[in-house]
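Participant: Here it is, the structure in full.
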Amino acid sequence: AACRGSGDRLPESNSCNEVEDVFLTKMGLRWKDAVALMGGHTLGRGDRSFSGHHGTWVDTDKDAQVFDKAYYEELFTNPWRPRNMGRRNQDWTTGRGGGNPRVMLNTDVCLVFDIEELVKQEKPCCTRTNSYYPDGTNRCVDREAARKKCPMYSQHDERQVATDHVREMLGGSSPNNNNRPFYTAFAEAWGKATTVGQDNLLPLRGRCERT
């Protein structure tokens, strides 16, 4: 049986403050571990009827069944803009709508972009303002968001290390199929996260007994 309230231990979707509080402060992990665990969003989708956030973090439902580094590529390559600004379920989306809905949470976007104050002030921005559709329409879609590029962290910001680790998970210059940095980091982070506070765990039986 699950522990009552155990789901509340996961980071809220508001900002990197929640990521830092849960993974770094309470669990004693590093930013690299947190970034790797957030990469789990490459799987599955959000549903508005459960979380209020709707869509996949990667391009299609089929892609959302593959455990790879696509989550990090999506953060860098797509122009993400705020959705539902000022509401409890505020998040980010990309594309013109129709087809497969897309989503990123504040806790995703803030790994690369310094959005906290802009979100608090309800000032929209777009993560890539220099990308256009063939018809000349800015891919930010929202005109107000397209007028301001979401800033990245300065080299002196403590959260710049998170961005550095997102770049590390990309596995080199894009495009490439190198998932090894993500797989290695995720395995290490998962091991830490699932054993934190335990010092008496024993290895599983190495082989099945013959019957």
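By convention here, the chains of the structure tokens are called A, B, ... in the order presented, each chain's residues are numbered starting at 1, and ligands are numbered starting at 1 in the order presented.
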Can you list, as JSON, numbers by chain, all residues belonging to segment 50-86 of chain A that DSSP tags as strand (DSSP E)?
Facilitator: {"A": [55, 56, 81, 82, 83]}
Participant: Can you pull out the residues contacting segment 52-69 of chain A? Cut-off 8 Å, using only C-alpha atoms, and skip same-chain residues under 5 positions away; I want them as a list in words.
Facilitator: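 In the requested form, the answer reads Gly39, Gly40, His41, Thr42, Leu43, Gly44, Arg45, Gly46, Asp47, Glu74, Asn89, Gln90, Asp91, Asn100, Pro101, Arg102, Val103, Met104, Met169, Leu170, Asn179, Phe182 and Tyr183 of chain A.
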Participant: What lies within 8 Å of segment 122-137 of chain A using only C-alpha atoms, ignoring chain neighbours under 5 positions off, as a ChimeraX atom specification?
Facilitator: /A:77-82,85-86,113,144-151
Participant: How far is it from atom CA of Tyr72 of chain A to atom CA of Arg167 of chain A, in Å with one decimal?
Facilitator: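 Calculated distance between atom CA of Tyr72 of chain A and atom CA of Arg167 of chain A is 7.7 Å.
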Participant: Quick one: distance from atom CA of Asn176 of chain A to atom CA of Arg96 of chain A in Å, one decimal?
Facilitator: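 We find that atom CA of Asn176 of chain A and atom CA of Arg96 of chain A lie 26.5 Å from each other.
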Participant: Of the candidates A:Leu75, A:Val196, A:Val109, A:Ala187, which shows the shortest atom-to-atom distance to Val19 of chain A, using only C-alpha atoms?
Facilitator: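 Between A:Leu75, A:Val196, A:Val109, A:Ala187, the residue approaching Val19 of chain A most closely is A:Val109.
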Participant: Which of these, A:Asn106, A:Asn17, A:Glu117, A:Met27, has the shortest distance to Gly197 of chain A once you count only C-alpha atoms?
Facilitator: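 Nearest to Gly197 of chain A: A:Met27.
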Participant: Neighbours of segment 30-37 of chain A within 8 Å (only C-alpha atoms; same-chain residues fewer than 2 positions away dropped), as number ranges by chain?
Facilitator: A: 19-20, 23-24, 28, 39-40, 111, 161-162, 165-166, 169, 182, 185-186, 188-190
Participant: Can you list, as a PyMOL selection string, every residue of segment 23-161 of chain A that DSSP puts in alpha helix (DSSP H)?
Facilitator: chain A and resi 31-38+70-77+106-109+116-120+143-146+160-161
Participant: So the first atom is atom CA of Asp114 of chain A and the second is atom CA of Met152 of chain A; what is the distance between them in Å, to one decimal place?
Facilitator: 5.3 Å
Participant: Taking only C-alpha atoms into account, which of A:His156, A:Asn14, A:Glu73, A:Val141 comes nearest Arg88 of chain A?
Facilitator: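 Looking only at the distances to Arg88 of chain A, the closest residue turns out to be A:Asn14.
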